[in-house]
$ cat query_2.csv   # CSV, C-alpha atoms
chain,number,residue,atom,x,y,z
F,719,PHE,CA,3.6,-64.9,62.3
F,720,ALA,CA,5.5,-67.5,60.4
F,721,PHE,CA,3.0,-67.5,57.6
F,722,LEU,CA,3.1,-63.8,57.2
F,723,PHE,CA,6.9,-63.9,57.2
F,724,THR,CA,7.1,-66.4,54.4
F,725,VAL,CA,4.6,-64.5,52.4
F,726,THR,CA,6.6,-61.3,52.7
F,727,VAL,CA,9.8,-62.9,51.8
F,728,ASN,CA,8.2,-64.4,48.7
F,729,ALA,CA,6.9,-61.0,47.7
F,730,LEU,CA,10.4,-59.6,48.0
F,731,GLU,CA,11.7,-62.3,45.8
F,732,GLY,CA,9.2,-61.3,43.2
F,733,LYS,CA,6.8,-64.3,43.5
F,734,ASP,CA,3.1,-63.8,43.3
F,735,CYS,CA,1.4,-64.3,46.7
F,736,LYS,CA,-2.2,-63.3,46.4
F,737,GLU,CA,-3.2,-66.9,47.1
F,738,SER,CA,-1.2,-67.2,50.3
F,739,VAL,CA,-2.5,-63.9,51.6
F,740,LYS,CA,-6.1,-65.0,51.1
F,741,LEU,CA,-5.4,-68.2,53.0
F,742,ILE,CA,-3.9,-66.3,55.9
F,743,ALA,CA,-6.8,-63.9,55.9
F,744,GLU,CA,-9.2,-66.8,56.2
F,745,SER,CA,-7.3,-68.8,58.8
F,746,THR,CA,-6.5,-66.2,61.4
F,747,ASN,CA,-8.9,-63.9,63.3
F,748,LEU,CA,-7.0,-60.7,62.8
F,749,SER,CA,-8.9,-57.9,61.2
F,750,GLU,CA,-8.1,-56.9,57.6
F,751,GLU,CA,-6.6,-53.7,58.7
F,752,GLN,CA,-4.2,-55.3,61.2
F,753,LEU,CA,-3.2,-57.8,58.6
F,754,ALA,CA,-2.4,-55.1,56.1
F,755,PHE,CA,-0.4,-53.2,58.6
F,756,LEU,CA,1.7,-56.3,59.5
F,757,ILE,CA,2.4,-57.3,56.0
F,758,SER,CA,3.3,-53.9,54.7
F,759,GLY,CA,5.3,-53.2,57.7
F,760,MET,CA,7.4,-56.3,57.4
F,761,TYR,CA,7.8,-55.7,53.6
F,762,THR,CA,9.0,-52.2,54.0
F,763,LEU,CA,11.4,-53.1,56.8
F,764,LEU,CA,12.9,-55.9,54.8
F,765,ARG,CA,13.1,-53.9,51.6
F,766,GLU,CA,14.9,-51.1,53.2
F,767,ALA,CA,17.3,-53.5,54.9
F,768,LEU,CA,18.0,-55.3,51.7
F,769,ARG,CA,18.7,-52.0,49.9
F,770,LEU,CA,21.9,-51.4,51.8
F,771,PRO,CA,24.8,-53.5,50.6
F,772,LEU,CA,26.4,-56.0,53.0
F,773,SER,CA,29.7,-54.3,53.2
F,774,THR,CA,28.4,-51.3,55.2
F,775,PHE,CA,25.6,-53.0,57.0
F,776,LYS,CA,26.4,-54.8,60.2
F,777,GLN,CA,24.3,-57.4,61.8
F,778,GLU,CA,24.6,-55.9,65.3
F,779,VAL,CA,23.5,-52.5,64.1
F,780,PHE,CA,20.5,-54.1,62.4
F,781,LYS,CA,19.5,-56.0,65.6
F,782,GLU,CA,19.9,-52.9,67.7
F,783,ASP,CA,17.6,-51.0,65.3
F,784,LEU,CA,15.0,-53.7,65.4
F,785,LYS,CA,15.1,-53.7,69.2
F,786,GLU,CA,14.5,-50.0,69.2
F,787,LEU,CA,11.4,-50.7,67.1
F,788,ARG,CA,10.3,-53.0,69.8
F,789,ILE,CA,10.1,-56.2,67.8
F,790,PRO,CA,10.2,-59.4,69.8
F,791,GLU,CA,13.5,-61.3,70.0
F,792,ASP,CA,12.7,-64.4,67.9
F,793,PHE,CA,11.4,-62.2,65.1
F,794,ILE,CA,14.6,-60.3,65.1
F,795,VAL,CA,16.5,-63.6,64.6
F,796,ASP,CA,14.2,-64.4,61.7
F,797,PHE,CA,14.7,-61.0,60.1
F,798,SER,CA,18.4,-61.0,60.3
F,799,SER,CA,18.6,-64.5,58.9
F,800,ILE,CA,16.9,-63.3,55.8
F,801,VAL,CA,19.0,-60.2,55.4
F,802,PHE,CA,22.3,-61.9,56.1
F,803,GLY,CA,21.6,-65.5,55.3
F,804,ASN,CA,21.9,-67.3,52.1
F,805,ARG,CA,18.5,-66.4,50.8
F,806,ARG,CA,19.9,-62.9,50.1
F,807,PRO,CA,21.0,-63.4,46.5
F,808,ALA,CA,17.5,-64.4,45.5
F,809,SER,CA,16.1,-61.1,46.8
F,810,GLU,CA,18.9,-59.2,45.2
F,811,GLY,CA,18.3,-60.9,41.9
F,812,ALA,CA,14.7,-59.8,42.0
F,813,ALA,CA,15.7,-56.3,42.8
F,814,ARG,CA,18.1,-56.2,39.8
F,815,ILE,CA,15.4,-57.4,37.4
F,816,GLN,CA,12.8,-54.9,38.7
F,817,GLY,CA,15.3,-52.0,38.5
F,818,SER,CA,14.6,-49.3,35.9
F,819,ARG,CA,16.9,-49.4,33.0
F,820,LEU,CA,17.0,-48.9,29.2
F,821,PRO,CA,16.6,-52.0,27.0
F,822,THR,CA,19.7,-54.2,26.8
F,823,VAL,CA,20.7,-56.4,23.9
F,824,GLN,CA,19.1,-59.8,24.3
F,825,ASP,CA,20.1,-61.3,20.9
F,826,PHE,CA,22.5,-60.1,18.3
F,827,LYS,CA,22.8,-61.6,14.8
F,828,TRP,CA,24.8,-60.3,11.9
F,829,ARG,CA,25.7,-61.1,8.4
F,830,VAL,CA,28.4,-59.9,6.0
F,831,ASP,CA,27.3,-59.6,2.4
F,832,VAL,CA,29.2,-58.8,-0.8
F,833,ALA,CA,27.2,-57.2,-3.5
F,834,ILE,CA,28.6,-58.6,-6.7
F,835,SER,CA,26.3,-56.8,-9.2
F,836,THR,CA,23.5,-54.3,-8.9
F,837,SER,CA,21.1,-52.7,-11.4
F,838,SER,CA,23.4,-49.6,-11.6
F,839,LEU,CA,26.8,-51.3,-11.6
F,840,ALA,CA,27.8,-54.4,-13.5
F,841,ARG,CA,30.8,-55.1,-11.2
F,842,ALA,CA,30.2,-53.7,-7.7
F,843,LEU,CA,32.0,-56.0,-5.2
F,844,GLN,CA,31.0,-53.9,-2.3
F,845,PRO,CA,30.9,-55.6,1.2
F,846,SER,CA,28.2,-54.6,3.6
F,847,ILE,CA,27.1,-55.7,7.0
F,848,LEU,CA,23.5,-56.5,8.1
F,849,MET,CA,22.7,-56.5,11.8
F,850,MET,CA,19.7,-57.7,13.7
F,851,MET,CA,19.3,-56.8,17.4
F,852,LYS,CA,16.6,-58.0,19.7
F,853,LEU,CA,16.3,-55.9,22.8
F,854,SER,CA,15.0,-56.8,26.2
F,855,ASP,CA,11.9,-54.7,25.8
F,856,GLY,CA,10.8,-56.9,22.9
F,857,THR,CA,11.6,-54.6,20.0
F,858,ALA,CA,13.8,-55.9,17.1
F,859,HIS,CA,15.9,-53.7,14.9
F,860,ARG,CA,17.3,-54.8,11.6
F,861,PHE,CA,19.5,-52.4,9.8
F,862,GLU,CA,22.4,-52.3,7.4
F,863,VAL,CA,25.8,-50.9,8.4
F,864,PRO,CA,28.1,-49.5,5.7
F,865,VAL,CA,31.7,-50.5,6.3
F,866,ALA,CA,32.9,-47.0,7.3
F,867,LYS,CA,30.1,-46.8,9.9
F,868,PHE,CA,31.1,-50.2,11.2
F,869,GLN,CA,34.6,-49.0,11.8
F,870,GLU,CA,33.2,-46.0,13.6
F,871,LEU,CA,31.0,-48.2,15.8
F,872,ARG,CA,34.0,-50.5,16.6
F,873,TYR,CA,36.1,-47.6,17.5
F,874,ASN,CA,33.5,-46.1,19.8
F,875,VAL,CA,32.8,-49.3,21.6
F,876,ALA,CA,36.5,-49.8,22.2
F,877,LEU,CA,36.7,-46.2,23.5
F,878,ILE,CA,33.8,-46.8,25.9
F,879,LEU,CA,35.5,-50.0,27.2
F,880,LYS,CA,38.7,-48.2,27.8
F,881,GLU,CA,36.9,-45.4,29.6
F,882,MET,CA,35.0,-47.9,31.7
F,883,ASN,CA,38.2,-49.6,32.7
F,884,ASP,CA,39.8,-46.3,33.7
F,885,LEU,CA,36.7,-45.3,35.6
F,886,GLU,CA,36.6,-48.6,37.5
F,887,LYS,CA,40.2,-48.4,38.5
F,888,ARG,CA,39.9,-44.8,39.6
F,889,SER,CA,36.5,-44.4,41.4
F,890,ILE,CA,36.7,-47.5,43.5
F,891,LEU,CA,39.7,-46.2,45.2
F,892,LYS,CA,38.3,-42.7,45.7
F,893,ILE,CA,34.7,-42.9,46.6
F,894,GLN,CA,34.5,-44.9,49.9
F,895,ASP,CA,31.2,-45.4,51.6
N,56,MET,CA,20.1,-52.0,-29.6
N,57,ALA,CA,20.1,-49.1,-27.2
N,58,TRP,CA,23.0,-47.4,-29.0
N,59,SER,CA,21.0,-47.0,-32.3
N,60,TRP,CA,18.2,-45.3,-30.4
N,61,LEU,CA,20.9,-43.0,-29.0
N,62,SER,CA,22.3,-42.1,-32.4
N,63,ALA,CA,18.9,-41.3,-33.7
N,64,ALA,CA,18.3,-39.0,-30.8
N,65,THR,CA,21.6,-37.3,-31.2
N,66,ARG,CA,20.9,-36.6,-34.9
N,67,GLU,CA,17.8,-34.8,-33.9
N,68,GLN,CA,19.7,-32.7,-31.5
N,69,LYS,CA,19.8,-29.1,-32.7
N,70,GLY,CA,21.5,-27.1,-30.0
N,71,SER,CA,25.2,-27.0,-30.2
N,72,ALA,CA,25.8,-24.4,-27.6
N,73,GLY,CA,27.7,-25.8,-24.6
N,74,PRO,CA,26.6,-29.4,-24.2
N,75,GLY,CA,29.6,-29.7,-21.9
N,76,GLU,CA,28.0,-27.6,-19.2
N,77,ALA,CA,24.8,-29.7,-19.2
N,78,GLU,CA,27.0,-32.8,-18.8
N,79,GLU,CA,28.8,-31.3,-15.9
N,80,PHE,CA,25.4,-30.7,-14.1
N,81,HIS,CA,24.3,-34.2,-15.0
N,82,THR,CA,27.3,-36.0,-13.6
N,83,THR,CA,26.9,-34.3,-10.3
N,84,HIS,CA,23.2,-35.1,-10.2
N,85,ALA,CA,23.4,-38.6,-11.8
N,86,SER,CA,22.8,-40.4,-8.5
N,87,GLU,CA,19.2,-39.1,-8.3
N,88,ALA,CA,16.7,-41.2,-10.1
N,89,GLU,CA,14.2,-38.5,-10.9
N,90,SER,CA,14.7,-35.3,-12.9
N,91,SER,CA,17.9,-33.6,-12.0
N,92,PHE,CA,16.7,-30.1,-12.6
N,93,SER,CA,14.0,-28.1,-10.9
N,94,GLU,CA,11.3,-26.3,-13.0
N,95,GLU,CA,13.1,-23.0,-12.8
N,96,GLU,CA,16.4,-24.5,-13.8
N,97,GLU,CA,14.7,-26.2,-16.8
N,98,GLU,CA,13.3,-22.9,-17.9
N,99,LYS,CA,16.6,-21.2,-17.6
N,100,LEU,CA,18.2,-24.0,-19.7
N,101,GLN,CA,15.5,-23.7,-22.3
N,102,ILE,CA,16.3,-20.0,-22.7
N,103,ALA,CA,20.1,-20.5,-22.6
N,104,PHE,CA,20.1,-23.2,-25.3
N,105,SER,CA,17.1,-21.8,-27.2
N,106,LEU,CA,15.3,-25.2,-27.2
N,107,GLU,CA,11.7,-26.2,-26.9
N,108,LYS,CA,10.6,-28.0,-23.8
N,109,GLN,CA,10.4,-31.4,-25.5
N,110,ASP,CA,13.8,-31.0,-27.1
N,111,LEU,CA,15.3,-30.0,-23.8
N,112,HIS,CA,13.9,-33.2,-22.2
N,113,LEU,CA,15.2,-35.3,-25.0
N,114,VAL,CA,18.7,-33.8,-24.5
N,115,LEU,CA,18.7,-34.4,-20.8
N,116,GLU,CA,17.4,-37.9,-21.1
N,117,THR,CA,20.0,-38.7,-23.7
N,118,ILE,CA,22.8,-37.4,-21.5
N,119,SER,CA,21.6,-39.2,-18.4
N,120,PHE,CA,21.3,-42.5,-20.4
N,121,ILE,CA,24.8,-42.2,-21.7
N,122,LEU,CA,26.1,-41.5,-18.2
N,123,GLU,CA,24.1,-44.4,-16.7
N,124,GLN,CA,25.6,-46.8,-19.2
N,125,ALA,CA,29.1,-45.5,-18.5
N,126,VAL,CA,28.5,-46.1,-14.8
N,127,TYR,CA,27.1,-49.6,-15.4
N,128,HIS,CA,30.1,-50.8,-17.5
N,129,ASN,CA,32.6,-48.8,-15.5
N,130,LEU,CA,34.0,-47.2,-18.6
N,131,LYS,CA,37.3,-45.3,-18.8
N,132,PRO,CA,37.0,-41.8,-20.4
N,133,ALA,CA,38.9,-42.9,-23.4
N,134,SER,CA,36.7,-45.9,-24.2
N,135,LEU,CA,33.6,-43.7,-23.6
N,136,GLN,CA,34.8,-41.3,-26.1
N,137,GLN,CA,35.5,-44.1,-28.6
N,138,GLN,CA,32.0,-45.6,-28.1
N,139,LEU,CA,30.4,-42.2,-28.7
N,140,GLN,CA,32.4,-41.6,-31.8
N,141,SER,CA,31.4,-45.0,-33.2
N,142,ILE,CA,27.8,-44.0,-33.1
N,143,HIS,CA,28.6,-40.9,-35.1
N,144,LEU,CA,28.3,-38.3,-32.3
N,145,ASP,CA,30.0,-35.0,-33.1
N,146,GLN,CA,33.7,-34.9,-32.2
N,147,ASP,CA,33.3,-31.9,-29.8
N,148,LYS,CA,30.4,-33.5,-28.0
N,149,ALA,CA,32.2,-36.7,-27.5
N,150,GLU,CA,35.2,-34.8,-26.1
N,151,ALA,CA,32.9,-32.9,-23.8
N,152,PHE,CA,31.5,-36.2,-22.4
N,153,ALA,CA,35.0,-37.6,-22.0
N,154,SER,CA,36.3,-34.6,-20.1
N,155,ALA,CA,33.3,-34.4,-17.8
N,156,TRP,CA,33.5,-38.2,-17.2
N,157,ALA,CA,37.2,-37.9,-16.5
N,158,ALA,CA,36.6,-35.2,-13.9
N,159,ALA,CA,33.6,-36.7,-12.0
N,160,GLY,CA,33.3,-40.3,-13.2
N,161,GLN,CA,35.0,-42.1,-10.3
N,162,ASP,CA,33.1,-40.2,-7.7
N,163,THR,CA,29.8,-41.1,-9.4
N,164,ILE,CA,30.7,-44.8,-9.5
N,165,GLU,CA,31.6,-44.7,-5.8
N,166,LYS,CA,28.3,-43.1,-5.0
N,167,PHE,CA,26.4,-45.8,-6.8
N,168,ARG,CA,28.5,-48.4,-5.1
N,169,GLN,CA,27.6,-47.2,-1.7
N,170,ARG,CA,23.9,-47.3,-2.4
N,171,VAL,CA,22.0,-50.1,-0.6
N,172,LEU,CA,18.6,-51.5,-1.0
N,173,THR,CA,17.7,-52.3,2.7
N,174,PRO,CA,15.1,-50.0,4.2
N,175,GLN,CA,17.0,-49.2,7.4
N,176,LYS,CA,20.6,-47.9,7.6
N,177,LEU,CA,22.8,-47.0,10.5
N,178,GLU,CA,23.6,-43.3,10.3
N,179,THR,CA,24.8,-41.9,13.6
N,180,ILE,CA,26.5,-43.3,16.6
N,181,GLY,CA,26.5,-41.6,20.0
N,182,TRP,CA,27.3,-42.9,23.5
N,183,GLN,CA,27.2,-42.1,27.1
N,184,LEU,CA,29.1,-43.6,30.0
N,185,ASN,CA,27.2,-43.4,33.3
N,186,LEU,CA,28.2,-44.4,36.8
N,187,ARG,CA,25.1,-45.7,38.5
N,188,MET,CA,25.3,-44.7,42.1
N,189,ALA,CA,21.9,-45.9,43.4
N,190,GLU,CA,18.4,-46.9,42.4
N,191,SER,CA,15.1,-47.3,44.0
N,192,MET,CA,15.7,-51.0,44.9
N,193,GLN,CA,19.4,-50.7,45.8
N,194,ALA,CA,21.5,-48.1,47.5
N,195,LYS,CA,25.2,-47.5,47.1
N,196,LEU,CA,25.8,-49.3,43.8
N,197,LYS,CA,28.7,-47.7,41.8
N,198,SER,CA,28.2,-49.7,38.7
N,199,PRO,CA,29.3,-48.3,35.4
N,200,ARG,CA,26.9,-48.6,32.6
N,201,ALA,CA,27.2,-47.4,29.0
N,202,VAL,CA,24.3,-46.2,26.8
N,203,LEU,CA,24.7,-46.5,23.1
N,204,GLU,CA,22.5,-44.4,20.9
N,205,LEU,CA,22.2,-45.6,17.3
N,206,GLY,CA,20.6,-43.4,14.8
N,207,VAL,CA,18.8,-45.5,12.2
N,208,SER,CA,17.5,-43.8,9.1
N,209,ASN,CA,14.4,-45.2,7.4
N,210,GLU,CA,14.1,-45.2,3.6
N,211,ASP,CA,16.3,-42.4,2.3
N,212,SER,CA,16.7,-40.5,5.5
N,213,LYS,CA,13.1,-39.4,5.8
N,214,ASN,CA,13.3,-39.7,9.6
N,215,LEU,CA,16.0,-40.8,12.0
N,216,THR,CA,14.9,-43.2,14.7
N,217,LYS,CA,17.1,-43.3,17.8
N,218,VAL,CA,17.6,-46.7,19.3
N,219,PHE,CA,19.0,-46.6,22.9
N,220,VAL,CA,20.7,-49.7,24.2
N,221,GLU,CA,22.3,-50.0,27.6
N,222,PHE,CA,25.3,-52.2,28.5
N,223,SER,CA,27.0,-53.3,31.6
N,224,HIS,CA,30.8,-53.8,31.5
N,225,GLN,CA,30.4,-57.5,30.8
N,226,GLU,CA,27.7,-57.1,28.1
N,227,LEU,CA,29.8,-54.4,26.4
N,228,PHE,CA,32.8,-56.7,26.4
N,229,GLU,CA,30.8,-59.5,24.7
N,230,PHE,CA,29.4,-57.0,22.2
N,231,TYR,CA,32.9,-55.9,21.4
N,232,ASN,CA,34.0,-59.5,20.8
N,233,LYS,CA,31.2,-60.0,18.4
N,234,LEU,CA,32.3,-56.9,16.5
N,235,GLU,CA,35.8,-58.2,16.4
N,236,THR,CA,34.5,-61.4,14.8
N,237,ILE,CA,32.8,-59.4,12.1
N,238,GLN,CA,36.0,-57.5,11.5
N,239,ALA,CA,37.9,-60.7,11.1
N,240,GLN,CA,35.5,-61.8,8.5
N,241,LEU,CA,35.8,-58.5,6.7
N,242,ASP,CA,39.6,-58.8,6.7
N,243,SER,CA,39.4,-62.3,5.3
N,244,LEU,CA,37.5,-60.9,2.3
N,245,THR,CA,40.2,-58.6,1.0
$ encode --input "query_2.csv" --output "structure tokens"
Amino acid sequence: FAFLFTVTVNALEGKDCKESVKLIAESTNLSEEQLAFLISGMYTLLREALRLPLSTFKQEVFKEDLKELRIPEDFIVDFSSIVFGNRRPASEGAARIQGSRLPTVQDFKWRVDVAISTSSLARALQPSILMMMKLSDGTAHRFEVPVAKFQELRYNVALILKEMNDLEKRSILKIQD
Amino acid sequence: MAWSWLSAATREQKGSAGPGEAEEFHTTHASEAESSFSEEEEEKLQIAFSLEKQDLHLVLETISFILEQAVYHNLKPASLQQQLQSIHLDQDKAEAFASAWAAAGQDTIEKFRQRVLTPQKLETIGWQLNLRMAESMQAKLKSPRAVLELGVSNEDSKNLTKVFVEFSHQELFEFYNKLETIQAQLDSLT
């Protein structure tokens, strides 16, 4: 059992466990079907348990539920240690990475230029901003921002921050689990 | 010297009817590199000024050249008029140039100033503030996330690509600090 357990926990944390599963399959005399049942059962159980945040999930309730599912005592101890112990942040970290989201800014470089002279103007002296953004999905965008648009961008970002602050102050008080 | 070519061209000019109107058109269209008038408009101008096609083209090219030089050197209307008179352009034509330039000159210069050579330019900014309640891997989240939509135009606004970027509170705050740094740099220029 211990092998299966460690394999499942590793899978939850996002590590690759094809090798370990093969080892287990060769060393025990369980049929492939039983093995599949056990591993997927434990995986689903732990995943659902980890979904719920700690604030609303009590250890006693979890142990009660596991008893109802007729899981042996020592296994219950192992399960709850994973869910409530200090290996929890690792699983939560994996969940956050795997979550579905739009690309976020990974790298942001900028440059302020002043155009002194162009082919159409002998004395231009016009400042402009060049931005290069690398996103988490691998795309890079390089574009020029005229000064007026930059002010608009700055204003909008400040507005979103203000709204976010208001939202956080309000909603945490209202919506209780 | 470019100005001597110009004086030769102006001496060939026959039409005297309303050069001022053509200049008005030209200052408003001066920012476009190619021909300012469509085929139909050219034909109408031909009839209005009773000119041949080649003469019309010559007149238009002359006017646009004068205006481009005025933009390049950032001339005041008075000095423009002086320059034109010194190459023996007719008095009324020089005055027509000066008045058209006085009316629309500054705007044209500003338009050229704003022109940039980079292929991609930021055009539009939109945003969305979402409160993420749950996702497939985690229930009961309540984390606020902002989505910034940047419309980037590609080579003279042929198409607008929308770039979506997501921020958490912390990330947005860092982004804002970077924007503030840029702003400080801009302020130190002036």
$ interface_residues --input "query_2.csv" --of "chain N" --to "chain F" --cutoff "6 Å" --atoms "only C-alpha atoms" --output "list in words"
Tyr127, His128, Gln175, Lys176, Leu177, Met192, Gln193, Ala194, Val220 and Glu221 of chain N
$ atom_distance --input "query_2.csv" --atom1 "atom CA of Lys880 of chain F" --atom2 "atom CA of Glu190 of chain N"
25.0 Å
$ atom_distance --input "query_2.csv" --atom1 "atom CA of Leu205 of chain N" --atom2 "atom CA of Gln183 of chain N"
11.5 Å
$ atom_distance --input "query_2.csv" --atom1 "atom CA of Gly206 of chain N" --atom2 "atom CA of Glu178 of chain N"
5.4 Å
$ closest_residue --input "query_2.csv" --among "N:Val202, N:Ala125, N:Leu106, N:Ile180" --to "Leu215 of chain N" --atoms "all atoms listed in the file"
N:Ile180
$ residues_around --input "query_2.csv" --residues "Ser134 of chain N" --least-positions-apart "6" --cutoff "12 Å" --atoms "only C-alpha atoms" --output "NGL selection string"
:N and (125 or 128 or 140-141 or 149-150 or 152-153 or 156-157)
